[in-house]
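Structure data (mmCIF, C-alpha atoms) from upload32.cif:
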```cif
data_data
#
loop_
_atom_site.label_atom_id
_atom_site.label_comp_id
_atom_site.auth_asym_id
_atom_site.auth_seq_id
_atom_site.Cartn_x
_atom_site.Cartn_y
_atom_site.Cartn_z
CA MET A 1 -1.07 3.40 -2.56
CA THR A 2 -4.10 5.32 -1.39
CA GLN A 3 -6.91 3.15 -0.07
CA ILE A 4 -10.51 4.20 -0.63
CA ILE A 5 -13.09 3.50 2.08
CA ALA A 6 -16.75 4.12 1.24
CA VAL A 7 -19.02 4.42 4.27
CA HIS A 8 -22.58 3.77 3.25
CA SER A 9 -26.00 2.90 4.61
CA PHE A 10 -29.24 2.11 2.85
CA ARG A 11 -31.26 4.29 5.19
CA GLY A 12 -30.55 7.57 6.96
CA GLY A 13 -29.96 7.97 10.67
CA THR A 14 -27.54 5.06 11.02
CA GLY A 15 -24.68 7.23 12.32
CA LYS A 16 -22.77 6.91 9.05
CA SER A 17 -21.23 10.39 9.14
CA ASN A 18 -20.33 10.00 12.80
CA LEU A 19 -18.58 6.73 12.03
CA THR A 20 -16.84 8.29 9.00
CA ALA A 21 -15.40 11.16 11.05
CA ASN A 22 -14.32 8.91 13.91
CA LEU A 23 -12.72 6.41 11.51
CA ALA A 24 -10.80 9.30 9.93
CA ALA A 25 -9.60 10.49 13.33
CA SER A 26 -8.67 6.94 14.35
CA LEU A 27 -6.56 6.47 11.22
CA GLY A 28 -5.06 9.93 11.80
CA LEU A 29 -4.11 8.88 15.32
CA GLN A 30 -2.06 6.15 13.64
CA GLY A 31 -0.13 8.86 11.80
CA LYS A 32 -2.02 8.44 8.55
CA ARG A 33 -2.97 11.12 6.04
CA VAL A 34 -6.71 10.92 5.53
CA ALA A 35 -9.22 12.90 3.48
CA VAL A 36 -12.97 12.78 4.00
CA PHE A 37 -15.27 13.52 1.05
CA ASP A 38 -18.78 14.54 2.02
CA THR A 39 -20.75 13.23 -0.95
CA ASP A 40 -23.99 13.38 1.00
CA LEU A 41 -24.61 16.51 -1.04
CA ALA A 42 -28.34 16.65 -0.35
CA SER A 43 -27.94 16.54 3.42
CA PRO A 44 -24.31 17.25 4.34
CA GLY A 45 -23.21 17.05 7.94
CA VAL A 46 -19.83 15.42 8.51
CA HIS A 47 -18.14 18.86 8.68
CA VAL A 48 -19.94 19.53 11.98
CA LEU A 49 -18.09 16.68 13.66
CA PHE A 50 -14.76 18.28 12.72
CA GLY A 51 -15.94 21.70 13.92
CA TYR A 52 -15.53 23.05 10.39
CA THR A 53 -17.51 26.14 9.49
CA HIS A 54 -17.75 27.56 6.01
CA GLU A 55 -16.18 31.02 5.86
CA GLY A 56 -16.68 33.65 3.18
CA GLU A 57 -14.77 32.74 0.06
CA SER A 58 -13.69 29.24 1.08
CA LEU A 59 -14.61 26.64 -1.51
CA CYS A 60 -16.41 23.33 -1.08
CA LEU A 61 -17.03 20.17 -3.07
CA ASN A 62 -19.94 21.80 -4.90
CA ASP A 63 -17.49 24.33 -6.38
CA PHE A 64 -15.48 21.51 -7.89
CA LEU A 65 -18.48 19.54 -9.12
CA GLN A 66 -20.46 22.45 -10.56
CA GLU A 67 -18.02 25.34 -11.02
CA ASP A 68 -14.79 23.67 -12.15
CA ALA A 69 -12.77 24.88 -9.16
CA ALA A 70 -9.59 22.87 -8.55
CA ILE A 71 -10.27 20.07 -6.09
CA LYS A 72 -7.24 20.95 -3.94
CA ASP A 73 -8.79 24.38 -3.37
CA CYS A 74 -12.02 22.76 -2.14
CA VAL A 75 -10.32 20.73 0.58
CA HIS A 76 -9.53 22.04 4.06
CA GLU A 77 -7.32 20.67 6.78
CA VAL A 78 -9.34 19.86 9.90
CA THR A 79 -6.73 17.87 11.82
CA PRO A 80 -7.67 17.73 15.53
CA ALA A 81 -4.83 18.47 17.97
CA PRO A 82 -4.37 14.86 19.21
CA VAL A 83 -4.13 13.66 15.59
CA LYS A 84 -1.60 16.38 14.83
CA ALA A 85 0.42 15.25 17.85
CA ALA A 86 0.39 11.74 16.40
CA LYS A 87 1.72 13.19 13.10
CA GLY A 88 -1.50 12.37 11.30
CA HIS A 89 -3.52 14.67 9.06
CA VAL A 90 -7.22 14.90 8.32
CA PHE A 91 -8.51 16.85 5.35
CA LEU A 92 -12.14 17.52 4.51
CA ALA A 93 -13.92 18.14 1.23
CA PRO A 94 -17.13 19.60 2.69
CA ALA A 95 -20.40 19.92 0.84
CA SER A 96 -22.26 23.22 0.76
CA MET A 97 -24.78 23.92 3.51
CA ASP A 98 -26.31 26.75 1.51
CA SER A 99 -29.91 25.81 0.69
CA ASP A 100 -29.81 27.47 -2.74
CA ARG A 101 -26.68 25.56 -3.68
CA ILE A 102 -28.11 22.26 -2.46
CA ALA A 103 -31.25 22.92 -4.49
CA ARG A 104 -29.17 23.83 -7.55
CA LEU A 105 -27.12 20.66 -7.24
CA LEU A 106 -30.24 18.54 -6.98
CA ARG A 107 -31.82 20.37 -9.91
CA GLU A 108 -28.86 20.43 -12.29
CA GLY A 109 -26.88 17.43 -11.15
CA TYR A 110 -23.23 17.01 -12.11
CA GLN A 111 -20.94 14.63 -13.95
CA VAL A 112 -20.49 11.85 -11.43
CA GLU A 113 -17.21 10.87 -13.11
CA LYS A 114 -15.72 14.10 -11.74
CA LEU A 115 -15.99 12.63 -8.26
CA ASN A 116 -13.84 9.66 -9.27
CA ASP A 117 -11.21 11.93 -10.83
CA ALA A 118 -11.24 14.29 -7.81
CA ILE A 119 -10.59 11.50 -5.34
CA PHE A 120 -7.55 10.21 -7.17
CA ALA A 121 -6.21 13.66 -8.05
CA LEU A 122 -6.38 14.65 -4.39
CA ALA A 123 -4.86 11.36 -3.29
CA ASP A 124 -1.81 12.20 -5.39
CA ALA A 125 -1.69 15.91 -4.54
CA LEU A 126 -1.81 15.35 -0.78
CA SER A 127 -0.02 11.97 -0.68
CA LEU A 128 -3.00 10.48 1.09
CA ASP A 129 -3.01 7.08 2.77
CA TYR A 130 -6.81 6.94 2.92
CA VAL A 131 -9.81 8.64 1.36
CA ILE A 132 -13.07 8.06 3.22
CA VAL A 133 -16.22 8.78 1.25
CA ASP A 134 -19.27 9.63 3.33
CA THR A 135 -22.08 8.74 0.95
CA HIS A 136 -25.71 9.70 0.62
CA PRO A 137 -28.00 6.99 2.07
CA GLY A 138 -29.76 4.71 -0.40
CA ILE A 139 -28.73 3.94 -3.94
CA ASN A 140 -27.96 6.56 -6.55
CA GLU A 141 -25.22 7.27 -9.09
CA GLU A 142 -22.75 8.67 -6.53
CA THR A 143 -23.19 5.85 -4.06
CA LEU A 144 -22.82 3.22 -6.78
CA LEU A 145 -19.65 4.92 -7.99
CA SER A 146 -18.29 5.22 -4.44
CA ALA A 147 -18.91 1.52 -3.86
CA ALA A 148 -17.39 0.55 -7.21
CA ILE A 149 -14.13 2.44 -6.67
CA ALA A 150 -13.76 1.54 -3.00
CA ASP A 151 -11.16 -0.85 -1.65
CA TYR A 152 -13.40 -1.25 1.41
CA LEU A 153 -17.12 -0.72 1.68
CA VAL A 154 -18.29 -0.15 5.26
CA MET A 155 -22.06 -0.75 5.37
CA VAL A 156 -23.69 0.80 8.43
CA MET A 157 -27.07 -0.33 9.75
CA ARG A 158 -29.19 -0.28 12.89
CA PRO A 159 -30.98 -3.25 14.46
CA ASP A 160 -34.17 -2.40 12.62
CA SER A 161 -36.18 -4.58 10.24
CA GLN A 162 -36.19 -1.91 7.53
CA ASP A 163 -32.42 -1.66 7.83
CA TYR A 164 -32.03 -5.43 7.54
CA LEU A 165 -34.05 -5.44 4.31
CA GLY A 166 -32.43 -2.34 2.82
CA THR A 167 -28.93 -3.44 3.67
CA ALA A 168 -29.55 -6.71 1.83
CA VAL A 169 -30.40 -4.73 -1.30
CA ALA A 170 -27.31 -2.53 -0.98
CA ILE A 171 -25.04 -5.53 -0.44
CA GLU A 172 -26.52 -7.33 -3.44
CA VAL A 173 -25.79 -4.30 -5.63
CA ALA A 174 -22.26 -4.01 -4.23
CA GLN A 175 -21.65 -7.67 -4.96
CA ARG A 176 -22.78 -7.18 -8.56
CA LEU A 177 -20.03 -4.56 -8.72
CA ASP A 178 -17.52 -7.05 -7.31
CA VAL A 179 -16.78 -4.97 -4.23
CA ALA A 180 -14.25 -7.28 -2.65
CA ASN A 181 -14.13 -6.16 0.95
CA ILE A 182 -17.48 -5.37 2.53
CA GLN A 183 -17.49 -4.72 6.27
CA LEU A 184 -20.87 -4.65 7.96
CA VAL A 185 -21.22 -2.39 10.99
CA MET A 186 -24.20 -2.55 13.31
CA ASN A 187 -24.51 0.81 15.04
CA LYS A 188 -26.72 2.10 17.86
CA LEU A 189 -27.38 -1.32 19.37
CA PRO A 190 -29.55 -0.85 22.48
CA SER A 191 -28.15 -2.49 25.63
CA GLN A 192 -31.18 -4.80 25.97
CA PHE A 193 -30.27 -6.52 22.67
CA SER A 194 -28.05 -9.59 22.80
CA ARG A 195 -24.87 -8.93 20.81
CA ASP A 196 -24.50 -12.65 20.09
CA GLU A 197 -28.03 -12.93 18.72
CA VAL A 198 -27.57 -9.82 16.59
CA ARG A 199 -24.24 -11.10 15.28
CA LEU A 200 -25.87 -14.41 14.40
CA ARG A 201 -28.73 -12.69 12.58
CA MET A 202 -26.23 -10.54 10.66
CA GLN A 203 -24.21 -13.61 9.72
CA GLU A 204 -27.33 -15.46 8.59
CA SER A 205 -28.71 -12.47 6.67
CA TYR A 206 -25.56 -11.50 4.78
CA GLU A 207 -22.52 -13.43 3.69
CA VAL A 208 -20.10 -10.59 4.40
CA SER A 209 -17.63 -9.79 7.17
CA ILE A 210 -18.96 -8.22 10.32
CA GLY A 211 -16.71 -5.25 10.97
CA SER A 212 -18.13 -4.15 14.28
CA ILE A 213 -21.18 -4.02 16.53
CA LEU A 214 -21.37 -0.61 18.19
CA PRO A 215 -23.58 0.18 21.16
CA LEU A 216 -26.20 2.89 21.38
CA SER A 217 -24.45 5.38 23.61
CA GLU A 218 -25.87 8.03 25.92
CA ASP A 219 -22.45 9.70 25.86
CA LEU A 220 -22.52 10.02 22.09
CA LEU A 221 -26.02 11.46 22.29
CA THR A 222 -24.72 13.99 24.79
CA LEU A 223 -21.87 14.87 22.46
CA ALA A 224 -24.56 15.65 19.85
CA SER A 225 -22.10 15.78 16.92
CA GLY A 226 -20.17 18.46 18.80
CA GLY A 227 -16.95 16.49 18.64
CA LEU A 228 -15.33 13.16 17.91
CA ALA A 229 -16.04 10.37 20.36
CA VAL A 230 -12.66 8.68 19.79
CA LEU A 231 -11.04 11.89 21.07
CA GLU A 232 -13.61 13.03 23.64
CA PHE A 233 -14.33 9.59 25.13
CA PRO A 234 -11.32 7.50 24.10
CA ASN A 235 -12.02 4.74 26.63
CA HIS A 236 -15.70 4.36 25.76
CA THR A 237 -16.76 0.97 24.34
CA TRP A 238 -17.97 2.69 21.16
CA SER A 239 -14.65 4.48 20.64
CA THR A 240 -12.61 1.37 21.34
CA ALA A 241 -14.65 -0.59 18.78
CA VAL A 242 -14.22 2.14 16.14
CA ARG A 243 -10.46 2.24 16.72
CA GLU A 244 -10.38 -1.57 16.37
CA LEU A 245 -12.27 -1.29 13.08
CA ALA A 246 -9.76 1.33 11.89
CA GLN A 247 -6.92 -0.94 12.96
CA ALA A 248 -8.43 -3.86 11.05
CA LEU A 249 -8.74 -1.72 7.92
CA LEU A 250 -5.17 -0.55 8.42
CA GLU A 251 -3.84 -4.08 8.77
CA ALA A 252 -5.76 -5.20 5.68
CA SER A 253 -4.33 -2.38 3.56
CA PRO A 254 -1.45 -3.42 1.31
CA SER A 255 0.97 -0.59 2.00
CA ALA A 256 -0.89 2.28 3.65
CA MET B 1 -13.83 -18.64 -23.56
CA THR B 2 -16.65 -19.84 -21.30
CA GLU B 3 -19.97 -19.99 -23.11
CA GLY B 4 -22.18 -17.09 -22.10
CA SER B 5 -19.32 -15.09 -20.64
CA PHE B 6 -18.89 -12.90 -23.72
CA PRO B 7 -21.43 -10.09 -24.19
CA ASN B 8 -23.82 -9.94 -27.09
CA LEU B 9 -22.36 -6.76 -28.53
CA GLU B 10 -25.36 -6.07 -30.76
CA ALA B 11 -27.63 -6.11 -27.73
CA LEU B 12 -25.64 -3.59 -25.70
CA PRO B 13 -27.60 -0.37 -25.13
CA ARG B 14 -26.55 2.67 -27.16
CA GLY B 15 -26.94 5.42 -24.57
CA PRO B 16 -24.36 6.90 -22.21
CA LEU B 17 -22.99 4.66 -19.48
CA THR B 18 -24.30 5.32 -16.00
CA MET B 19 -23.53 3.45 -12.80
CA ALA B 20 -27.13 2.23 -12.73
CA LEU B 21 -26.68 0.77 -16.21
CA MET B 22 -23.32 -0.74 -15.27
CA VAL B 23 -24.93 -2.64 -12.40
CA GLN B 24 -27.46 -4.15 -14.82
CA LEU B 25 -25.02 -5.14 -17.56
CA GLU B 26 -24.42 -8.80 -18.28
CA PRO B 27 -22.32 -10.88 -18.27
CA PRO B 28 -20.32 -10.23 -15.06
CA PRO B 29 -16.92 -10.00 -16.84
CA LEU B 30 -18.21 -6.99 -18.77
CA ARG B 31 -19.16 -5.25 -15.51
CA ARG B 32 -15.78 -6.22 -14.13
CA LEU B 33 -13.92 -4.69 -17.08
CA LEU B 34 -15.88 -1.42 -16.86
CA LYS B 35 -15.42 -1.29 -13.10
CA LYS B 36 -11.69 -1.78 -13.45
CA GLY B 37 -11.67 1.11 -15.91
CA LEU B 38 -12.88 3.46 -13.17
CA ARG B 39 -10.43 4.80 -10.54
CA ARG B 40 -7.21 5.53 -12.46
CA GLY B 41 -8.12 3.42 -15.49
CA LEU B 42 -6.20 0.47 -16.91
CA SER B 43 -2.82 0.40 -18.62
CA THR B 44 -2.62 -1.67 -21.79
CA ALA B 45 -0.79 -4.35 -19.82
CA GLU B 46 -3.60 -4.41 -17.22
CA LEU B 47 -6.23 -4.51 -19.97
CA ARG B 48 -4.40 -7.40 -21.60
CA GLN B 49 -4.37 -9.25 -18.26
CA CYS B 50 -8.06 -8.54 -17.69
CA LEU B 51 -9.11 -9.82 -21.13
CA ASP B 52 -7.02 -12.94 -20.63
CA ALA B 53 -8.26 -13.62 -17.08
CA ASP B 54 -11.97 -13.22 -17.82
CA TRP B 55 -12.30 -14.36 -21.44
CA GLY B 56 -9.00 -16.04 -22.32
CA LEU B 57 -8.65 -13.45 -25.06
CA ALA B 58 -5.50 -11.88 -26.47
CA LEU B 59 -5.73 -8.11 -26.90
CA GLU B 60 -5.00 -8.55 -30.60
CA SER B 61 -7.75 -11.17 -31.13
CA GLU B 62 -10.76 -10.48 -33.29
CA SER B 63 -13.16 -10.92 -30.36
CA ALA B 64 -11.24 -8.49 -28.14
CA SER B 65 -11.08 -5.94 -30.95
CA SER B 66 -14.84 -6.23 -31.52
CA LEU B 67 -15.52 -5.81 -27.83
CA LEU B 68 -13.26 -2.77 -27.44
CA LYS B 69 -14.67 -1.21 -30.61
CA ALA B 70 -18.24 -1.69 -29.35
CA LEU B 71 -17.34 -0.06 -26.02
CA GLN B 72 -15.39 2.77 -27.67
CA ASP B 73 -18.22 3.45 -30.15
CA ARG B 74 -20.52 3.95 -27.17
CA ARG B 75 -17.86 6.07 -25.41
CA TRP B 76 -18.08 3.73 -22.40
CA PHE B 77 -14.42 2.67 -22.41
CA ILE B 78 -11.96 5.00 -24.01
CA SER B 79 -8.25 4.80 -24.68
CA SER B 80 -6.30 7.99 -24.18
CA ALA B 81 -4.22 9.15 -27.12
CA ASP B 82 -1.52 10.78 -24.99
CA ALA B 83 -1.24 8.22 -22.20
CA ASP B 84 -1.24 4.47 -21.92
CA VAL B 85 -4.59 4.33 -20.18
CA TRP B 86 -8.01 2.85 -20.89
CA LYS B 87 -10.69 4.55 -18.88
CA THR B 88 -14.38 3.95 -18.26
CA HIS B 89 -16.39 7.02 -19.12
CA LEU B 90 -19.64 7.82 -17.35
CA GLY B 91 -22.23 10.11 -18.84
CA SER B 92 -22.45 11.68 -22.28
#
```

For this file, write the structure as structure tokens.
Amino acid sequence: MTQIIAVHSFRGGTGKSNLTANLAASLGLQGKRVAVFDTDLASPGVHVLFGYTHEGESLCLNDFLQEDAAIKDCVHEVTPAPVKAAKGHVFLAPASMDSDRIARLLREGYQVEKLNDAIFALADALSLDYVIVDTHPGINEETLLSAAIADYLVMVMRPDSQDYLGTAVAIEVAQRLDVANIQLVMNKLPSQFSRDEVRLRMQESYEVSIGSILPLSEDLLTLASGGLAVLEFPNHTWSTAVRELAQALLEASPSA
Amino acid sequence: MTEGSFPNLEALPRGPLTMALMVQLEPPPLRRLLKKGLRRGLSTAELRQCLDADWGLALESESASSLLKALQDRRWFISSADADVWKTHLGS
């Protein structure tokens, strides 16, 4: 049975897309078939991490949502070589980077229910083990839907007071939707912060599982979204922690 | 049935269902039912189980029929004629 993972943050700049792409690669390295949906339609970016560039006639998620293209035609295989060697697959449903199309989507909107149907249709068509939904920050119809249909909601935040407040709101909404498995991820933790103190504050602020605490990394900044840290720096603390999070999700999945 | 757990059907809004509206709906079992109707929807057996678990209702009971009729009238929760599936419908 395909497991749905929604990766969400209340505010932008948390490293949500970076985590999404690296989680996908980590699950792929375990031989899993994974699809990533870029539903951050107003500010897409996860495709960059997979080195995907839109070419000519190739379709994207916008074509499914606004033009009735078949979802399987809007998805592209982006499996990195090490994942392929591990017999895993990574597929990507990218969002359009064309400014006119972004503006049109924001202006006209789309039937959010189509997103639900697309995820499950693709899960069947590609025999997927996991679908990871990279959401738009904040709360809107798509993010609420993504949270509601997710088997796992990974909430990403930074050690920032605005993030602490916003994340509380997002978790409260998710709990109203009975999202069973919420994993909180603290990302970009500066080295001068005490991990134990941060963990304690997270535990006291939210009654949800703490999935991971990931360090702010100079190496990741150097990578500048030009690749996947779990592949480029496999022994880095950040990469190890992401692989452990992927492993925990894998072990919690019923039959994936 | 636990008192207060069954929705006041007359008070349910008339407009299309949105996720924002779903989050606001009370009581929680109603949200739960509509949430379960997302994804691939519910089979009749799953719907039966859901009604029993949350409200102690049989699918054939008068209360369950009233609830499903109220949701179907609003096009929030629709049974498919050609498949054994009850699905939550978002939008108009």

Pick out the residues sitting within 10 Å of B:Cys50, and hand them over as a ChimeraX atom specification; count all atoms listed in the file, and ignore anything fewer than 4 positions along from it in its own chain. /B:29,32-33,36,42,44-46,54-59

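With distances restricted to all atoms listed in the file, A:Thr2 is the closest residue to chain B from A:Thr2, A:Thr167, A:Ser209, A:Gln162.
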
Top pick for closest residue to chain B, considering A:Val185, A:Ala147, A:Leu220, A:Leu250 and counting only C-alpha atoms: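 Checking each of A:Val185, A:Ala147, A:Leu220, A:Leu250 against chain B, counting only C-alpha atoms, the winner is A:Ala147.
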
When distances are computed from all atoms listed in the file, which of A:Ala150, A:Ile71, A:Ala224, A:Leu23 shows the smallest separation from A:Val48?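 Looking at the shortest contact to A:Val48, the residue is A:Ala224.
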
Expanded to explicit residues, what is the PyMOL selection byres ((chain B) within 12 of (chain A)) for this file, as a PyMOL selection string? chain B and resi 16-41+76+87-92

Selected by the PyMOL selection byres ((chain A and resi 187) around 8) in the shown coordinates: which residues, as a PyMOL selection string? chain A and resi 14-15+156-159+185-186+188-189+213-216

With the file shown as input, list the residues that the PyMOL selection byres ((chain A and resi 181) around 7) selects, as a list in words.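 Selection result, ordered by chain and number: Asp151, Tyr152, Leu153, Val179, Ala180, Ile182 and Gln183 of chain A.
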
Provide an axis-aligned box for all listed atoms of stretch 3-17 of chain B, padding each side by 8 Å; report its centre and its edge lengths in Å to one decimal, as lines of an AutoDock Vina configuration file.
```
center_x = -23.3
center_y = -6.5
center_z = -25.1
size_x = 24.7
size_y = 42.9
size_z = 27.3
```

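Atom pair atom CA of A:Thr240 / atom CA of A:Thr20 has a distance of 14.8 Å (rounded to one decimal).
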
Could you give me, as a PyMOL selection string, the residues within 12 Å of A:Ser127, counting only C-alpha atoms and dropping anything in the same chain fewer than 6 positions from it? chain A and resi 1-3+32-35+72+89-91+119-121+256

Would you export the selected residues with C-alpha atoms as an mmCIF file, keeping the file's coordinate frame, please?
```cif
data_model
loop_
_atom_site.group_PDB
_atom_site.id
_atom_site.type_symbol
_atom_site.label_atom_id
_atom_site.label_comp_id
_atom_site.auth_asym_id
_atom_site.auth_seq_id
_atom_site.Cartn_x
_atom_site.Cartn_y
_atom_site.Cartn_z
ATOM 1 C CA MET A 1 -1.070 3.400 -2.560
ATOM 2 C CA THR A 2 -4.100 5.320 -1.390
ATOM 3 C CA GLN A 3 -6.910 3.150 -0.070
ATOM 4 C CA LYS A 32 -2.020 8.440 8.550
ATOM 5 C CA ARG A 33 -2.970 11.120 6.040
ATOM 6 C CA VAL A 34 -6.710 10.920 5.530
ATOM 7 C CA ALA A 35 -9.220 12.900 3.480
ATOM 8 C CA LYS A 72 -7.240 20.950 -3.940
ATOM 9 C CA HIS A 89 -3.520 14.670 9.060
ATOM 10 C CA VAL A 90 -7.220 14.900 8.320
ATOM 11 C CA PHE A 91 -8.510 16.850 5.350
ATOM 12 C CA ILE A 119 -10.590 11.500 -5.340
ATOM 13 C CA PHE A 120 -7.550 10.210 -7.170
ATOM 14 C CA ALA A 121 -6.210 13.660 -8.050
ATOM 15 C CA ALA A 256 -0.890 2.280 3.650
#
```

Can you complete the atoms of stretch 20-36 of chain B to N, CA, C and O atoms and list them as an mmCIF file, in the coordinates of the input?
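Result written to rebuild-v3.cif:
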```
data_model
loop_
_atom_site.group_PDB
_atom_site.id
_atom_site.type_symbol
_atom_site.label_atom_id
_atom_site.label_comp_id
_atom_site.auth_asym_id
_atom_site.auth_seq_id
_atom_site.Cartn_x
_atom_site.Cartn_y
_atom_site.Cartn_z
ATOM 1 N N ALA B 20 -25.926 3.074 -12.795
ATOM 2 C CA ALA B 20 -27.130 2.230 -12.730
ATOM 3 C C ALA B 20 -27.146 1.233 -13.876
ATOM 4 O O ALA B 20 -27.508 0.061 -13.687
ATOM 5 N N LEU B 21 -26.728 1.683 -15.057
ATOM 6 C CA LEU B 21 -26.680 0.770 -16.210
ATOM 7 C C LEU B 21 -25.574 -0.271 -16.001
ATOM 8 O O LEU B 21 -25.760 -1.456 -16.292
ATOM 9 N N MET B 22 -24.430 0.186 -15.465
ATOM 10 C CA MET B 22 -23.320 -0.740 -15.270
ATOM 11 C C MET B 22 -23.731 -1.906 -14.361
ATOM 12 O O MET B 22 -23.377 -3.061 -14.607
ATOM 13 N N VAL B 23 -24.482 -1.601 -13.330
ATOM 14 C CA VAL B 23 -24.930 -2.640 -12.400
ATOM 15 C C VAL B 23 -25.786 -3.695 -13.114
ATOM 16 O O VAL B 23 -25.745 -4.874 -12.781
ATOM 17 N N GLN B 24 -26.528 -3.245 -14.130
ATOM 18 C CA GLN B 24 -27.460 -4.150 -14.820
ATOM 19 C C GLN B 24 -26.810 -4.949 -15.946
ATOM 20 O O GLN B 24 -27.377 -5.928 -16.415
ATOM 21 N N LEU B 25 -25.626 -4.508 -16.388
ATOM 22 C CA LEU B 25 -25.020 -5.140 -17.560
ATOM 23 C C LEU B 25 -24.665 -6.598 -17.292
ATOM 24 O O LEU B 25 -24.261 -6.967 -16.206
ATOM 25 N N GLU B 26 -24.825 -7.399 -18.319
ATOM 26 C CA GLU B 26 -24.420 -8.800 -18.280
ATOM 27 C C GLU B 26 -23.503 -9.062 -19.477
ATOM 28 O O GLU B 26 -23.623 -8.379 -20.505
ATOM 29 N N PRO B 27 -22.615 -10.001 -19.386
ATOM 30 C CA PRO B 27 -22.320 -10.880 -18.270
ATOM 31 C C PRO B 27 -21.381 -10.202 -17.257
ATOM 32 O O PRO B 27 -20.846 -9.114 -17.536
ATOM 33 N N PRO B 28 -21.165 -10.841 -16.097
ATOM 34 C CA PRO B 28 -20.320 -10.230 -15.060
ATOM 35 C C PRO B 28 -18.940 -9.772 -15.523
ATOM 36 O O PRO B 28 -18.479 -8.712 -15.085
ATOM 37 N N PRO B 29 -18.251 -10.495 -16.428
ATOM 38 C CA PRO B 29 -16.920 -10.000 -16.840
ATOM 39 C C PRO B 29 -16.973 -8.618 -17.498
ATOM 40 O O PRO B 29 -16.008 -7.853 -17.401
ATOM 41 N N LEU B 30 -18.087 -8.317 -18.164
ATOM 42 C CA LEU B 30 -18.210 -6.990 -18.770
ATOM 43 C C LEU B 30 -18.293 -5.924 -17.689
ATOM 44 O O LEU B 30 -17.644 -4.872 -17.775
ATOM 45 N N ARG B 31 -19.090 -6.193 -16.643
ATOM 46 C CA ARG B 31 -19.160 -5.250 -15.510
ATOM 47 C C ARG B 31 -17.786 -5.088 -14.878
ATOM 48 O O ARG B 31 -17.376 -3.996 -14.527
ATOM 49 N N ARG B 32 -17.094 -6.230 -14.764
ATOM 50 C CA ARG B 32 -15.780 -6.220 -14.130
ATOM 51 C C ARG B 32 -14.805 -5.343 -14.908
ATOM 52 O O ARG B 32 -14.056 -4.555 -14.345
ATOM 53 N N LEU B 33 -14.821 -5.482 -16.234
ATOM 54 C CA LEU B 33 -13.920 -4.690 -17.080
ATOM 55 C C LEU B 33 -14.214 -3.199 -16.913
ATOM 56 O O LEU B 33 -13.298 -2.396 -16.717
ATOM 57 N N LEU B 34 -15.509 -2.843 -16.971
ATOM 58 C CA LEU B 34 -15.880 -1.420 -16.860
ATOM 59 C C LEU B 34 -15.582 -0.889 -15.463
ATOM 60 O O LEU B 34 -15.191 0.269 -15.301
ATOM 61 N N LYS B 35 -15.753 -1.724 -14.457
ATOM 62 C CA LYS B 35 -15.420 -1.290 -13.100
ATOM 63 C C LYS B 35 -13.925 -1.050 -12.963
ATOM 64 O O LYS B 35 -13.495 -0.062 -12.374
ATOM 65 N N LYS B 36 -13.143 -1.946 -13.535
ATOM 66 C CA LYS B 36 -11.690 -1.780 -13.450
ATOM 67 C C LYS B 36 -11.219 -0.525 -14.182
ATOM 68 O O LYS B 36 -10.158 0.019 -13.888
#
```
